[in-house]
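Next comes model_7.tsv, a file with TSV, C-alpha atoms.
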chain	number	residue	atom	x	y	z
A	1	MET	CA	8.69	-6.61	18.84
A	2	ALA	CA	8.81	-8.27	15.42
A	3	LYS	CA	6.97	-6.66	12.54
A	4	PHE	CA	5.23	-8.47	9.71
A	5	TYR	CA	5.71	-7.83	5.98
A	6	ARG	CA	4.35	-9.21	2.73
A	7	VAL	CA	7.06	-9.30	0.04
A	8	ARG	CA	6.57	-10.19	-3.62
A	9	LEU	CA	9.44	-12.04	-5.23
A	10	GLY	CA	9.49	-10.65	-8.75
A	11	LYS	CA	6.59	-9.89	-11.04
A	12	SER	CA	3.97	-12.64	-10.79
A	13	ASN	CA	6.21	-14.19	-8.09
A	14	VAL	CA	8.50	-15.54	-10.79
A	15	HIS	CA	11.51	-15.72	-8.43
A	16	ALA	CA	9.71	-17.37	-5.51
A	17	GLU	CA	11.28	-20.82	-5.84
A	18	ALA	CA	14.78	-19.40	-6.30
A	19	CYS	CA	14.35	-17.33	-3.14
A	20	PHE	CA	12.97	-20.26	-1.17
A	21	GLU	CA	15.84	-22.48	-2.25
A	22	GLY	CA	18.51	-19.78	-1.84
A	23	GLY	CA	17.34	-18.47	1.52
A	24	PHE	CA	16.85	-14.82	0.60
A	25	VAL	CA	14.44	-12.12	-0.54
A	26	GLY	CA	15.39	-9.16	-2.66
A	27	THR	CA	14.56	-6.33	-5.05
A	28	ASP	CA	16.23	-4.85	-8.10
A	29	PHE	CA	14.36	-2.25	-10.24
A	30	ASP	CA	17.51	-2.07	-12.43
A	31	LEU	CA	19.35	-0.10	-9.73
A	32	TYR	CA	22.76	-1.72	-10.10
A	33	ILE	CA	24.49	0.03	-7.21
A	34	ASP	CA	25.90	-1.70	-4.14
A	35	LEU	CA	24.06	0.01	-1.27
A	36	THR	CA	26.33	-1.32	1.47
A	37	GLY	CA	27.05	1.59	3.80
A	38	ASN	CA	24.55	3.77	1.95
A	39	LEU	CA	21.28	2.76	3.61
A	40	PRO	CA	20.20	5.47	6.07
A	41	ASP	CA	17.89	4.64	8.94
A	42	GLU	CA	15.31	7.09	7.56
A	43	TRP	CA	13.66	6.21	4.25
A	44	ARG	CA	13.17	9.88	3.34
A	45	ARG	CA	16.94	10.41	3.14
A	46	PHE	CA	17.23	7.37	0.91
A	47	ASN	CA	14.48	8.62	-1.39
A	48	GLU	CA	16.00	12.11	-1.57
A	49	GLU	CA	19.24	10.63	-2.87
A	50	PHE	CA	17.99	7.84	-5.10
A	51	ILE	CA	14.75	9.10	-6.66
A	52	PRO	CA	16.73	11.57	-8.82
A	53	LYS	CA	19.14	8.77	-9.78
A	54	PHE	CA	16.24	6.52	-10.70
A	55	ILE	CA	14.59	9.21	-12.84
A	56	GLU	CA	17.92	10.04	-14.50
A	57	LYS	CA	18.23	6.40	-15.51
A	58	GLU	CA	14.52	6.09	-16.42
A	59	PRO	CA	13.48	9.58	-17.63
A	60	ASP	CA	10.06	8.41	-18.79
A	61	ARG	CA	9.08	7.26	-15.30
A	62	SER	CA	7.20	9.52	-12.89
A	63	ARG	CA	8.16	10.44	-9.34
A	64	ILE	CA	5.39	8.10	-8.17
A	65	SER	CA	7.06	5.24	-10.02
A	66	ALA	CA	10.47	6.23	-8.69
A	67	GLY	CA	9.07	6.51	-5.18
A	68	LEU	CA	7.57	3.04	-5.43
A	69	ALA	CA	10.88	1.55	-6.55
A	70	CYS	CA	13.02	3.34	-3.98
A	71	GLY	CA	10.55	2.64	-1.20
A	72	ALA	CA	10.57	-1.08	-1.94
A	73	ILE	CA	14.36	-1.22	-2.15
A	74	TRP	CA	14.79	0.60	1.18
A	75	THR	CA	12.10	-1.42	2.96
A	76	VAL	CA	13.57	-4.78	2.02
A	77	SER	CA	17.21	-3.70	2.32
A	78	LYS	CA	16.99	-1.68	5.54
A	79	GLY	CA	13.47	-1.18	6.87
A	80	MET	CA	12.92	-4.83	7.71
A	81	GLN	CA	14.81	-5.74	10.87
A	82	ASN	CA	16.42	-9.01	11.86
A	83	GLY	CA	13.72	-11.16	13.44
A	84	ASP	CA	10.88	-9.62	11.44
A	85	VAL	CA	8.44	-12.09	9.86
A	86	ILE	CA	7.72	-12.09	6.14
A	87	LEU	CA	4.98	-13.69	4.06
A	88	CYS	CA	5.83	-14.35	0.42
A	89	PRO	CA	3.33	-15.64	-2.17
A	90	ASP	CA	4.43	-18.87	-3.82
A	91	GLY	CA	2.26	-18.43	-6.92
A	92	LYS	CA	0.00	-21.31	-5.85
A	93	GLY	CA	-2.43	-19.46	-3.62
A	94	ARG	CA	-0.27	-19.75	-0.51
A	95	TYR	CA	2.15	-17.57	1.44
A	96	ARG	CA	5.39	-19.05	2.71
A	97	VAL	CA	6.59	-17.73	6.05
A	98	GLY	CA	10.17	-16.77	6.85
A	99	GLU	CA	12.24	-14.70	9.24
A	100	VAL	CA	14.81	-12.04	8.41
A	101	ASP	CA	18.14	-13.24	9.83
A	102	GLY	CA	20.83	-11.00	8.40
A	103	ASP	CA	21.80	-7.63	6.99
A	104	TYR	CA	21.73	-6.34	3.43
A	105	TYR	CA	24.10	-7.75	0.84
A	106	TYR	CA	24.53	-7.06	-2.87
A	107	LYS	CA	24.74	-9.65	-5.63
A	108	GLY	CA	24.89	-7.67	-8.84
A	109	ASP	CA	25.23	-10.63	-11.18
A	110	ALA	CA	22.03	-12.34	-10.06
A	111	ILE	CA	18.27	-11.85	-9.81
A	112	LEU	CA	16.93	-9.54	-7.10
A	113	HIS	CA	20.42	-8.25	-6.41
A	114	HIS	CA	19.53	-6.11	-3.34
A	115	ARG	CA	19.10	-8.98	-0.85
A	116	ARG	CA	18.40	-10.00	2.74
A	117	PRO	CA	19.04	-13.51	4.07
A	118	ILE	CA	15.92	-15.35	5.21
A	119	THR	CA	15.36	-18.45	7.29
A	120	TRP	CA	12.32	-20.10	5.74
A	121	ASN	CA	10.18	-22.39	7.84
A	122	ASP	CA	7.71	-24.99	6.67
A	123	LYS	CA	4.71	-22.83	7.45
A	124	TYR	CA	2.37	-21.86	4.62
A	125	ILE	CA	-0.75	-19.73	4.95
A	126	ASN	CA	-3.51	-20.32	2.43
A	127	ARG	CA	-4.85	-17.12	0.95
A	128	SER	CA	-8.37	-18.58	1.13
A	129	ASP	CA	-8.07	-18.92	4.93
A	130	MET	CA	-7.26	-15.26	5.50
A	131	SER	CA	-9.79	-12.70	6.66
A	132	GLU	CA	-11.03	-10.40	3.94
A	133	GLU	CA	-9.07	-7.45	5.30
A	134	LEU	CA	-5.78	-9.35	5.46
A	135	ARG	CA	-6.40	-10.83	2.03
A	136	LYS	CA	-7.02	-7.39	0.54
A	137	SER	CA	-3.81	-6.05	2.07
A	138	THR	CA	-1.64	-8.96	0.94
A	139	ASP	CA	-3.14	-8.73	-2.56
A	140	SER	CA	-1.54	-5.31	-3.00
A	141	THR	CA	0.59	-5.20	-6.14
A	142	LEU	CA	3.35	-3.30	-4.34
A	143	THR	CA	6.59	-5.19	-3.75
A	144	ALA	CA	6.82	-4.85	0.03
A	145	ILE	CA	4.14	-3.80	2.50
A	146	ASN	CA	3.91	-3.73	6.28
A	147	ILE	CA	1.04	-5.94	7.47
A	148	SER	CA	1.79	-5.74	11.20
A	149	LYS	CA	-1.74	-4.51	11.96
A	150	TYR	CA	-2.86	-8.08	11.24
A	151	SER	CA	-0.25	-9.63	13.57
A	152	ASP	CA	-2.84	-11.37	15.77
A	153	GLU	CA	-4.39	-13.13	12.81
A	154	ILE	CA	-1.02	-14.10	11.31
A	155	GLU	CA	0.19	-15.41	14.68
A	156	SER	CA	-2.95	-17.54	14.95
A	157	PHE	CA	-2.00	-19.26	11.70
A	158	LEU	CA	1.60	-19.76	12.78
A	159	VAL	CA	0.70	-21.41	16.10
A	160	GLY	CA	-2.05	-23.48	14.52
A	161	THR	CA	-5.03	-22.10	16.41
A	162	GLY	CA	-6.91	-21.31	13.23
A	163	LYS	CA	-8.30	-18.10	11.81
A	164	PRO	CA	-9.65	-15.69	14.45
A	165	LYS	CA	-12.97	-13.99	14.04
A	166	LEU	CA	-12.85	-11.05	11.67
A	167	SER	CA	-12.69	-7.85	13.65
A	168	THR	CA	-11.09	-4.47	13.47
A	169	THR	CA	-8.64	-3.47	16.20
A	170	ASP	CA	-8.33	0.07	14.88
A	171	GLU	CA	-9.03	2.24	17.92
A	172	LEU	CA	-10.26	5.03	15.63
A	173	ILE	CA	-13.25	2.97	14.42
A	174	GLU	CA	-16.42	4.19	16.12
A	175	ASP	CA	-18.94	2.31	13.93
A	176	PRO	CA	-17.92	-1.30	13.11
A	177	THR	CA	-21.01	-1.79	10.93
A	178	ALA	CA	-20.09	1.17	8.72
A	179	PHE	CA	-16.50	-0.09	8.64
A	180	ALA	CA	-17.65	-3.43	7.21
A	181	MET	CA	-20.03	-1.88	4.68
A	182	GLU	CA	-17.59	0.72	3.42
A	183	SER	CA	-14.80	-1.84	3.15
A	184	HIS	CA	-16.98	-3.64	0.60
A	185	LEU	CA	-17.81	-0.28	-0.98
A	186	GLU	CA	-14.13	0.31	-1.65
A	187	ASP	CA	-13.93	-2.78	-3.88
A	188	PHE	CA	-17.19	-1.83	-5.60
A	189	LEU	CA	-15.98	1.72	-6.23
A	190	ILE	CA	-12.70	0.54	-7.74
A	191	ALA	CA	-14.44	-2.04	-9.95
A	192	ASN	CA	-16.87	0.62	-11.22
A	193	TRP	CA	-14.49	3.57	-11.22
A	194	LYS	CA	-15.01	4.50	-14.87
A	195	GLN	CA	-18.77	4.78	-14.33
A	196	THR	CA	-18.42	7.34	-11.53
A	197	GLU	CA	-18.02	11.08	-11.68
A	198	LEU	CA	-14.44	10.67	-10.47
A	199	GLY	CA	-13.64	8.33	-13.35
A	200	GLN	CA	-14.41	11.09	-15.85
A	201	ASN	CA	-11.51	13.19	-14.61
A	202	TYR	CA	-9.17	10.81	-12.75
A	203	ASP	CA	-7.57	7.40	-13.23
A	204	ILE	CA	-6.51	5.15	-10.37
A	205	TYR	CA	-2.72	5.11	-10.52
A	206	GLU	CA	-1.28	2.19	-12.48
A	207	GLU	CA	2.26	0.88	-12.73
A	208	GLU	CA	3.01	-1.39	-15.69
A	209	GLY	CA	-0.68	-2.19	-16.07
A	210	GLU	CA	-1.25	-2.99	-12.37
A	211	LEU	CA	-3.51	-0.96	-10.07
A	212	VAL	CA	-0.97	0.09	-7.47
A	213	GLY	CA	-3.14	3.08	-6.54
A	214	LYS	CA	-5.41	0.76	-4.53
A	215	GLN	CA	-4.32	0.59	-0.88
A	216	TYR	CA	-1.22	2.62	-1.78
A	217	GLN	CA	1.33	2.29	1.02
A	218	THR	CA	2.71	5.36	2.82
A	219	ASP	CA	4.78	5.83	5.95
A	220	THR	CA	1.58	6.28	7.99
A	221	GLY	CA	-0.36	3.38	6.50
A	222	PRO	CA	-2.16	2.58	3.23
A	223	MET	CA	-4.37	5.20	1.61
A	224	ASP	CA	-7.52	3.74	0.09
A	225	ILE	CA	-7.02	5.13	-3.42
A	226	LEU	CA	-4.37	7.24	-5.14
A	227	ALA	CA	-5.63	8.70	-8.40
A	228	VAL	CA	-4.12	10.95	-11.06
A	229	SER	CA	-6.03	13.48	-13.17
A	230	LYS	CA	-6.18	12.66	-16.86
A	231	ASP	CA	-4.10	15.75	-17.65
A	232	ASN	CA	-1.56	14.70	-14.97
A	233	SER	CA	-1.89	18.04	-13.18
A	234	THR	CA	-3.39	16.73	-9.93
A	235	LEU	CA	-2.89	13.81	-7.56
A	236	LEU	CA	-6.02	12.82	-5.66
A	237	VAL	CA	-6.03	11.05	-2.27
A	238	VAL	CA	-9.34	9.23	-1.82
A	239	GLU	CA	-10.36	7.93	1.61
A	240	LEU	CA	-13.55	6.12	2.57
A	241	LYS	CA	-14.78	7.03	6.02
A	242	LYS	CA	-15.04	3.36	7.09
A	243	GLY	CA	-16.73	4.03	10.39
A	244	ARG	CA	-13.98	6.32	11.66
A	245	ALA	CA	-14.58	9.44	13.72
A	246	SER	CA	-14.76	12.57	11.58
A	247	ASP	CA	-11.66	14.19	13.04
A	248	ALA	CA	-9.71	10.96	12.63
A	249	VAL	CA	-10.49	10.49	8.93
A	250	VAL	CA	-9.76	14.16	8.17
A	251	GLY	CA	-6.43	13.96	9.99
A	252	GLN	CA	-5.46	10.75	8.23
A	253	THR	CA	-6.35	12.20	4.83
A	254	LEU	CA	-4.22	15.27	5.54
A	255	ARG	CA	-1.28	13.05	6.50
A	256	TYR	CA	-1.60	11.10	3.27
A	257	MET	CA	-1.78	14.34	1.30
A	258	GLY	CA	1.37	15.53	3.04
A	259	TYR	CA	3.16	12.33	2.05
A	260	VAL	CA	2.02	12.65	-1.56
A	261	SER	CA	3.08	16.31	-1.69
A	262	GLU	CA	6.49	15.65	-0.21
A	263	VAL	CA	7.39	12.32	-1.80
A	264	LEU	CA	5.35	11.68	-4.95
A	265	SER	CA	4.19	14.90	-6.59
A	266	GLU	CA	5.99	16.44	-9.53
A	267	GLU	CA	6.85	20.12	-9.67
A	268	ASN	CA	3.66	22.19	-10.15
A	269	GLN	CA	1.48	19.11	-9.59
A	270	LYS	CA	-1.37	19.81	-7.16
A	271	VAL	CA	-2.54	17.45	-4.42
A	272	LYS	CA	-6.20	17.22	-3.40
A	273	GLY	CA	-8.15	15.05	-0.99
A	274	LEU	CA	-11.57	13.45	-1.11
A	275	ILE	CA	-13.49	11.67	1.66
A	276	ILE	CA	-16.40	9.41	0.71
A	277	ALA	CA	-19.13	8.02	2.96
A	278	LEU	CA	-22.40	6.16	2.44
A	279	SER	CA	-24.38	8.82	4.30
A	280	ASP	CA	-24.26	12.52	5.04
A	281	ASP	CA	-21.95	13.53	7.88
A	282	LYS	CA	-22.40	17.09	9.09
A	283	ARG	CA	-19.56	16.83	11.59
A	284	LEU	CA	-17.15	15.78	8.89
A	285	GLN	CA	-18.32	18.48	6.50
A	286	ARG	CA	-17.83	21.14	9.21
A	287	ALA	CA	-14.34	19.82	9.93
A	288	LEU	CA	-13.49	20.39	6.26
A	289	ILE	CA	-14.62	24.04	6.14
A	290	PRO	CA	-11.30	25.55	7.36
A	291	LEU	CA	-9.39	23.57	4.71
A	292	ASN	CA	-10.75	25.81	1.92
A	293	GLY	CA	-11.62	23.03	-0.48
A	294	SER	CA	-8.34	21.10	-0.33
A	295	ILE	CA	-10.41	18.11	0.84
A	296	GLU	CA	-13.92	17.53	-0.50
A	297	PHE	CA	-16.70	15.34	0.86
A	298	TYR	CA	-18.81	13.08	-1.36
A	299	ARG	CA	-21.69	10.82	-0.50
A	300	TYR	CA	-21.79	7.58	-2.45
A	301	GLU	CA	-24.99	6.37	-4.08
A	302	ILE	CA	-25.65	3.20	-6.02
A	303	ASN	CA	-28.32	3.14	-8.71
A	304	PHE	CA	-28.43	-0.45	-9.88
A	305	SER	CA	-30.56	0.38	-12.92
A	306	GLU	CA	-28.07	2.90	-14.24
A	307	SER	CA	-24.69	3.47	-12.60
A	308	THR	CA	-22.83	4.41	-9.47
A	309	SER	CA	-22.69	8.06	-8.52
A	310	LEU	CA	-20.97	10.41	-6.13
A	311	VAL	CA	-22.94	13.27	-4.66
A	312	CYS	CA	-21.28	16.34	-3.14
Encoded form (structure tokens):
Amino acid sequence: MAKFYRVRLGKSNVHAEACFEGGFVGTDFDLYIDLTGNLPDEWRRFNEEFIPKFIEKEPDRSRISAGLACGAIWTVSKGMQNGDVILCPDGKGRYRVGEVDGDYYYKGDAILHHRRPITWNDKYINRSDMSEELRKSTDSTLTAINISKYSDEIESFLVGTGKPKLSTTDELIEDPTAFAMESHLEDFLIANWKQTELGQNYDIYEEEGELVGKQYQTDTGPMDILAVSKDNSTLLVVELKKGRASDAVVGQTLRYMGYVSEVLSEENQKVKGLIIALSDDKRLQRALIPLNGSIEFYRYEINFSESTSLVC
């Protein structure tokens, strides 16, 4: 079954027209190495080999930055399969649709030199027509993200049936109303981050001035927020409960923490978790007791006369 990806074509989509005209997508990140025959089926093996090479070339960049670069290169060069569908922003508020129709090739003397051939069709999807959840995902500043969870909505655009009703198909959601409310809360929290208790000690991770710590992609899905302590000693995985069952949100947070520990953290850098909800949740708090403080629970409050706050 085909998967769906959103791929950015250079910063601010500067290479979109060249890719549309040339029938390709690609990445670069200044990694001028022909990867033909050196793209393992498992992204972890690729990262193990190339993150050190990236940091050796760019010693001022963090492992998070290196992981972002290597992850994007592997996803576009190998992770996407022939027949997969891609959406690429054209810089005009639309996404052009194409299909991967060939294997990796290297063009070191050109833009986006790690390439895949693409058959572009005449389909465009207007950003304004997307559901809020799909729009938030495609707005991610990361180069390549898997958006297959929105396949039904994307297919509805491609066959011309129009936008389906907004709904969540996540089988772990037990309270759709809370899901909707806390999805809006995520945007509010990010916009007001500096006014919260968390903002005093942590910054949402940025890459070249862009908030890539929002909906940060991992191999098990996007974490809501990836933050870094101001002294760079701790990476913080922040998840909003979003109507999910207590056990489910705890398990997902632990998986994200495992990814951050294994792939992104520097030596001696700690990894912590934080789950936020709009109301108290005794079941969730009990589920966290055996974890000895590695994941904390906060309740979110909004005081419109003063500021936002997080309450333990």
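Picture a line from atom CA of A:Glu132 to atom CA of A:Gln252; it runs 22.3 Å.
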**OP:** Provide the atom CA of A:Tyr259 to atom CA of A:Val7 distance in Å, to one decimal place.
**Re:** 22.1 Å
**OP:** Fewer than 2 positions away in the same chain doesn't count, so skip those; otherwise give me all residues within 7 Å of stretch 78-94 of chain A, counting all atoms listed in the file, as a list in words.
**Re:**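 These residues fall inside the cut-off: Ala2, Lys3, Phe4, Tyr5, Arg6, Val7, Arg8, Asn13, Ala16, Leu39, Trp74, Thr75, Val76, Arg96, Val97, Gly98, Glu99, Val100, Asp101, Gly102, Tyr104, Tyr124, Ile125, Asn126 and Arg127 of chain A.
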**OP:** Please indicate the distance in Å from atom CA of A:Ser233 to atom CA of A:Lys270, rounded to one decimal place.
**Re:** 6.3 Å
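Closest approach to A:His184 among A:Asp34, A:Arg44, A:Leu278, A:Lys272: A:Leu278, based on all atoms listed in the file.
Distances to A:Ser246 were evaluated for A:Ile275, A:Ile51, A:Ile190, A:Ala66 using all atoms listed in the file, and the minimum falls at A:Ile275.
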Subject >> Shell around A:Lys241 at 7 Å using only C-alpha atoms, local window under 5 positions removed, as a list in words >> reply: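 Residues near the query, excluding close chain neighbours: Val249, Ile275, Ile276 and Ala277 of chain A.
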Provide an axis-aligned box for all listed atoms of stretch 245-257 of chain A, padding each side by 4 Å; report its centre and its edge lengths in Å to one decimal, as AutoDock Vina command-line options.
--center_x -8.0 --center_y 12.4 --center_z 7.5 --size_x 21.5 --size_y 13.8 --size_z 20.4
Subject >> From A:Leu134, A:Val260, A:Val159, A:Leu288, residue lying nearest A:Asp247 [only C-alpha atoms] >> reply: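 The shortest atom-to-atom distance to A:Asp247 comes from A:Leu288.
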Against stretch 138-146 of chain A, which residues of stretch 205-281 of chain A fall within 7 Å? For each one I want the closest pair of atoms and the distance in Å (one decimal), counting all atoms listed in the file, rows by chain and increasing residue number, as a Markdown table.
| residue | atom | partner | partner_atom | distance |
| --- | --- | --- | --- | --- |
| A:Glu210 | CA | A:Thr141 | CA | 6.9 |
| A:Val212 | CA | A:Thr141 | CA | 5.7 |
| A:Gln215 | CA | A:Ser140 | CA | 6.9 |
| A:Gln217 | CA | A:Ile145 | CA | 6.9 |
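Proximity to A:Asn47 was assessed for A:Gly71, A:Gly243, A:Pro59, A:Gly26 counting only C-alpha atoms; the smallest distance is recorded for A:Gly71.
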**OP:** Write out as a PyMOL selection string the residues lying within 12 Å of A:Val237, counting only C-alpha atoms and excluding same-chain residues fewer than 3 positions away.
**Re:** chain A and resi 198+202-205+213-218+222-229+234+240+250+252-261+264-265+270-276+294-297
Keeping C-alpha atoms for every residue in the selection just given, could you write it to a file as a PDB file, keeping the file's coordinate frame?
ATOM      1  CA  LEU A 198     -14.440  10.670 -10.470  1.00  0.00           C
ATOM      2  CA  TYR A 202      -9.170  10.810 -12.750  1.00  0.00           C
ATOM      3  CA  ASP A 203      -7.570   7.400 -13.230  1.00  0.00           C
ATOM      4  CA  ILE A 204      -6.510   5.150 -10.370  1.00  0.00           C
ATOM      5  CA  TYR A 205      -2.720   5.110 -10.520  1.00  0.00           C
ATOM      6  CA  GLY A 213      -3.140   3.080  -6.540  1.00  0.00           C
ATOM      7  CA  LYS A 214      -5.410   0.760  -4.530  1.00  0.00           C
ATOM      8  CA  GLN A 215      -4.320   0.590  -0.880  1.00  0.00           C
ATOM      9  CA  TYR A 216      -1.220   2.620  -1.780  1.00  0.00           C
ATOM     10  CA  GLN A 217       1.330   2.290   1.020  1.00  0.00           C
ATOM     11  CA  THR A 218       2.710   5.360   2.820  1.00  0.00           C
ATOM     12  CA  PRO A 222      -2.160   2.580   3.230  1.00  0.00           C
ATOM     13  CA  MET A 223      -4.370   5.200   1.610  1.00  0.00           C
ATOM     14  CA  ASP A 224      -7.520   3.740   0.090  1.00  0.00           C
ATOM     15  CA  ILE A 225      -7.020   5.130  -3.420  1.00  0.00           C
ATOM     16  CA  LEU A 226      -4.370   7.240  -5.140  1.00  0.00           C
ATOM     17  CA  ALA A 227      -5.630   8.700  -8.400  1.00  0.00           C
ATOM     18  CA  VAL A 228      -4.120  10.950 -11.060  1.00  0.00           C
ATOM     19  CA  SER A 229      -6.030  13.480 -13.170  1.00  0.00           C
ATOM     20  CA  THR A 234      -3.390  16.730  -9.930  1.00  0.00           C
ATOM     21  CA  LEU A 240     -13.550   6.120   2.570  1.00  0.00           C
ATOM     22  CA  VAL A 250      -9.760  14.160   8.170  1.00  0.00           C
ATOM     23  CA  GLN A 252      -5.460  10.750   8.230  1.00  0.00           C
ATOM     24  CA  THR A 253      -6.350  12.200   4.830  1.00  0.00           C
ATOM     25  CA  LEU A 254      -4.220  15.270   5.540  1.00  0.00           C
ATOM     26  CA  ARG A 255      -1.280  13.050   6.500  1.00  0.00           C
ATOM     27  CA  TYR A 256      -1.600  11.100   3.270  1.00  0.00           C
ATOM     28  CA  MET A 257      -1.780  14.340   1.300  1.00  0.00           C
ATOM     29  CA  GLY A 258       1.370  15.530   3.040  1.00  0.00           C
ATOM     30  CA  TYR A 259       3.160  12.330   2.050  1.00  0.00           C
ATOM     31  CA  VAL A 260       2.020  12.650  -1.560  1.00  0.00           C
ATOM     32  CA  SER A 261       3.080  16.310  -1.690  1.00  0.00           C
ATOM     33  CA  LEU A 264       5.350  11.680  -4.950  1.00  0.00           C
ATOM     34  CA  SER A 265       4.190  14.900  -6.590  1.00  0.00           C
ATOM     35  CA  LYS A 270      -1.370  19.810  -7.160  1.00  0.00           C
ATOM     36  CA  VAL A 271      -2.540  17.450  -4.420  1.00  0.00           C
ATOM     37  CA  LYS A 272      -6.200  17.220  -3.400  1.00  0.00           C
ATOM     38  CA  GLY A 273      -8.150  15.050  -0.990  1.00  0.00           C
ATOM     39  CA  LEU A 274     -11.570  13.450  -1.110  1.00  0.00           C
ATOM     40  CA  ILE A 275     -13.490  11.670   1.660  1.00  0.00           C
ATOM     41  CA  ILE A 276     -16.400   9.410   0.710  1.00  0.00           C
ATOM     42  CA  SER A 294      -8.340  21.100  -0.330  1.00  0.00           C
ATOM     43  CA  ILE A 295     -10.410  18.110   0.840  1.00  0.00           C
ATOM     44  CA  GLU A 296     -13.920  17.530  -0.500  1.00  0.00           C
ATOM     45  CA  PHE A 297     -16.700  15.340   0.860  1.00  0.00           C
TER      46      PHE A 297
END
Subject >> Residues within 10 Å of (18.9, -17.6, -3.8), file coords, all atoms listed in the file, listed as a PyMOL selection string >> reply: chain A and resi 15-26+110-113+115+117-118
Selected residues written out with C-alpha atoms, as a tab-separated table (two decimals), in the coordinates of the input:
chain	number	residue	atom	x	y	z
A	15	HIS	CA	11.51	-15.72	-8.43
A	16	ALA	CA	9.71	-17.37	-5.51
A	17	GLU	CA	11.28	-20.82	-5.84
A	18	ALA	CA	14.78	-19.40	-6.30
A	19	CYS	CA	14.35	-17.33	-3.14
A	20	PHE	CA	12.97	-20.26	-1.17
A	21	GLU	CA	15.84	-22.48	-2.25
A	22	GLY	CA	18.51	-19.78	-1.84
A	23	GLY	CA	17.34	-18.47	1.52
A	24	PHE	CA	16.85	-14.82	0.60
A	25	VAL	CA	14.44	-12.12	-0.54
A	26	GLY	CA	15.39	-9.16	-2.66
A	110	ALA	CA	22.03	-12.34	-10.06
A	111	ILE	CA	18.27	-11.85	-9.81
A	112	LEU	CA	16.93	-9.54	-7.10
A	113	HIS	CA	20.42	-8.25	-6.41
A	115	ARG	CA	19.10	-8.98	-0.85
A	117	PRO	CA	19.04	-13.51	4.07
A	118	ILE	CA	15.92	-15.35	5.21
Original post:
Which residue, A:Ser279, A:Ser12, A:Glu262, A:Ala191, has the smallest gap to A:Glu48 when you use only C-alpha atoms?
Top reply: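 Result for the nearest residue to A:Glu48: A:Glu262.
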Please fill the gaps in stretch 49-60 of chain A so it has N, CA and C atoms, and write that as a PDB file, in the coordinates of the input.
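Final file, out.pdb:
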ATOM      1  N   GLU A  49      18.029  10.891  -2.093  1.00  0.00           N
ATOM      2  CA  GLU A  49      19.240  10.630  -2.870  1.00  0.00           C
ATOM      3  C   GLU A  49      18.967   9.808  -4.122  1.00  0.00           C
ATOM      4  N   PHE A  50      18.086   8.813  -4.016  1.00  0.00           N
ATOM      5  CA  PHE A  50      17.990   7.840  -5.100  1.00  0.00           C
ATOM      6  C   PHE A  50      16.826   8.055  -6.063  1.00  0.00           C
ATOM      7  N   ILE A  51      15.799   8.796  -5.679  1.00  0.00           N
ATOM      8  CA  ILE A  51      14.750   9.100  -6.660  1.00  0.00           C
ATOM      9  C   ILE A  51      15.317   9.856  -7.858  1.00  0.00           C
ATOM     10  N   PRO A  52      16.136  10.905  -7.655  1.00  0.00           N
ATOM     11  CA  PRO A  52      16.730  11.570  -8.820  1.00  0.00           C
ATOM     12  C   PRO A  52      17.597  10.625  -9.668  1.00  0.00           C
ATOM     13  N   LYS A  53      18.322   9.715  -9.022  1.00  0.00           N
ATOM     14  CA  LYS A  53      19.140   8.770  -9.780  1.00  0.00           C
ATOM     15  C   LYS A  53      18.271   7.824 -10.589  1.00  0.00           C
ATOM     16  N   PHE A  54      17.154   7.409  -9.991  1.00  0.00           N
ATOM     17  CA  PHE A  54      16.240   6.520 -10.700  1.00  0.00           C
ATOM     18  C   PHE A  54      15.642   7.221 -11.912  1.00  0.00           C
ATOM     19  N   ILE A  55      15.205   8.469 -11.729  1.00  0.00           N
ATOM     20  CA  ILE A  55      14.590   9.210 -12.840  1.00  0.00           C
ATOM     21  C   ILE A  55      15.626   9.536 -13.915  1.00  0.00           C
ATOM     22  N   GLU A  56      16.861   9.802 -13.514  1.00  0.00           N
ATOM     23  CA  GLU A  56      17.920  10.040 -14.500  1.00  0.00           C
ATOM     24  C   GLU A  56      18.142   8.811 -15.378  1.00  0.00           C
ATOM     25  N   LYS A  57      18.050   7.645 -14.771  1.00  0.00           N
ATOM     26  CA  LYS A  57      18.230   6.400 -15.510  1.00  0.00           C
ATOM     27  C   LYS A  57      16.986   6.055 -16.323  1.00  0.00           C
ATOM     28  N   GLU A  58      15.800   6.400 -15.769  1.00  0.00           N
ATOM     29  CA  GLU A  58      14.520   6.090 -16.420  1.00  0.00           C
ATOM     30  C   GLU A  58      13.727   7.392 -16.581  1.00  0.00           C
ATOM     31  N   PRO A  59      14.100   8.247 -17.531  1.00  0.00           N
ATOM     32  CA  PRO A  59      13.480   9.580 -17.630  1.00  0.00           C
ATOM     33  C   PRO A  59      11.991   9.571 -17.948  1.00  0.00           C
ATOM     34  N   ASP A  60      11.479   8.471 -18.455  1.00  0.00           N
ATOM     35  CA  ASP A  60      10.060   8.410 -18.790  1.00  0.00           C
ATOM     36  C   ASP A  60       9.200   8.015 -17.589  1.00  0.00           C
TER      37      ASP A  60
END
